[in-house]
Amino acid sequence: MNALSHHDIWDAIDALASRHGLSASGLARRAGLDATAFNPSKRVLADGRRRWPSTESIAKVLEATGESIGELFGLPVNGAGPAMRRVPLIGLAQAGDGGYFDDGGFAVGSGWDVIEFPEVGHDHVYALEISGDSMEPVYRDGDVIIVAPGASLRRGDRVVAKTRGGEVMAKILGRRTADTVELVSLNPTHQDRLIAVSDMAWIARIIWASQ
C-alpha cells in the first residue's frame with residue numbers, strides 16, 4: 001500500500017465530516033478540539049510547510065464519530081460511493097444577516113461555504129450549522145441541519161423560520177391561523193413563540209440533521 005499523502009489525510013478528514021453531516025469546524029468541535037483545528041488555512045504553516053493533523057486529534061475524531069482508523073482512510077473520496085451534491089452552508093448565527101436568502105427563504109448571494117452531502121431528493125436545499133446550546137437536546141453545537149425551502153409544511157414539522165426583523169430560529173411548527181404562527185421551542189427552557197403572519201418572512205422545513 002502506498003503511503004498516505006498530506007492531501008489524502010486531509011481529504012479523508014473532510015470526507016468523514018461530510019459523512020456525519022458536519023463541516024470541518026463542526027467535526028473539530030464534536031471531537032472537543034478547537035473549532036479552527038481542521039480549517040483549510042491551518043493545513044499549511046506560515047512558512048509554507050505542510051501541517052499534518054496530530055495522532056491525538058485523529059484519535060479524538062474517531063472516538064467522537066465511532067469510526068475506526070480503517071473506516072477513516074477507506075471513506076469514499078473524489079466521487080466514489082453514493083451520489084453526492086454540493087450544498088451551501090452557513091452558521092445559523094449568521095443566517096439573520098442580510099443577503100443570504102431571498103423573500104422565499106431560498107439561498108442566494110455569496111459568502112456561503114460548501115459541504116459535500118448525499119443526494120436528498122430536494123432541489124435548492126442548504127445547510128445551517130448549529131452553534132451554542134439553545135437548541136439542545138434536539139440539536140447540539142456543531143450539528144448541521146439540511147433545510148428545504150418550498151417543501152410542504154405540516155404541524156409538528158421541525159422548521160427554520162425567519163422574521164421580517166431578521167431573527168432566524170429553528171423551532172417546531174405549531175398551530176397556524178390566518179393571523180398567527182405558533183413556533184414551539186426545541187429547548188424546554190426557552191419560551192414558545194406566537195408570531196403574527198405579517199411579521200414572518202418565511203418558514204422552511206428541516207429534512208435532515210446530523211445527530
# chains A, B, ... in the order shown; residues from 1 in each chain; ligands from 1
call {"tool": "residues_around", "arguments": {"residues": "stretch 163-177 of chain A", "least_positions_apart": "6", "cutoff": "7 Å", "atoms": "only C-alpha atoms", "output": "ChimeraX atom specification"}}
result
/A:95-97,155-157,183-186,199-201
call {"tool": "residues_around", "arguments": {"residues": "A:Leu194", "least_positions_apart": "3", "cutoff": "8 Å", "atoms": "only C-alpha atoms", "output": "number ranges by chain"}}
result
A: 180-183
call {"tool": "write_last_selection", "arguments": {"atoms": "C-alpha atoms", "output": "tab-separated table (two decimals), in the first residue's frame"}}
result
chain	number	residue	atom	x	y	z
A	180	THR	CA	-50.60	33.93	13.67
A	181	VAL	CA	-47.97	31.19	13.57
A	182	GLU	CA	-47.06	29.20	16.68
A	183	LEU	CA	-43.40	28.13	16.90
call {"tool": "select_by_dssp", "arguments": {"residues": "stretch 7-199 of chain A", "states": "helix (DSSP H, G or I)", "output": "PyMOL selection string"}}
result
chain A and resi 7-19+24-30+40-42+55-65+69-74+92-94+197-199
call {"tool": "residues_around", "arguments": {"residues": "A:Gly150", "least_positions_apart": "4", "cutoff": "12 Å", "atoms": "only C-alpha atoms", "output": "ChimeraX atom specification"}}
result
/A:103-107,122-126,159-160,202-207
call {"tool": "closest_residue", "arguments": {"among": "A:Ala209, A:Ile9, A:Val197, A:Val87", "to": "A:Ile130", "atoms": "only C-alpha atoms"}}
result
A:Ala209
call {"tool": "atom_distance", "arguments": {"atom1": "atom CA of A:Glu71", "atom2": "atom CA of A:Trp52"}}
result
18.9 Å
call {"tool": "atom_distance", "arguments": {"atom1": "atom CA of A:Val114", "atom2": "atom CA of A:Pro88"}}
result
4.5 Å
call {"tool": "residues_around", "arguments": {"residues": "A:Leu62", "least_positions_apart": "2", "cutoff": "12 Å", "atoms": "only C-alpha atoms", "output": "list of chain:residue names"}}
result
A:Ala12, A:Ile13, A:Leu16, A:Ala17, A:His20, A:Leu27, A:Ala28, A:Arg30, A:Ala31, A:Gly32, A:Thr55, A:Glu56, A:Ser57, A:Ile58, A:Ala59, A:Lys60, A:Ala64, A:Thr65, A:Gly66, A:Glu67, A:Ser68, A:Ile69, A:Gly70, A:Glu71, A:Leu72, A:Phe73
call {"tool": "select_by_dssp", "arguments": {"residues": "stretch 3-211 of chain A", "states": "strand (DSSP E)", "output": "PyMOL selection string"}}
result
chain A and resi 84-91+113-118+126-129+144-148+158-163+168-176+180-184+193-196+200-209
call {"tool": "closest_residue", "arguments": {"among": "A:Asp47, A:Asp143, A:Glu116, A:Glu136", "to": "A:Leu92", "atoms": "only C-alpha atoms"}}
result
A:Asp143
call {"tool": "atom_distance", "arguments": {"atom1": "atom CA of A:Ala24", "atom2": "atom CA of A:Thr36"}}
result
8.2 Å
call {"tool": "residues_around", "arguments": {"residues": "A:Ser134", "least_positions_apart": "3", "cutoff": "10 Å", "atoms": "only C-alpha atoms", "output": "VMD selection string"}}
result
chain A and resid 130 to 131 137 to 141 170 185 to 190
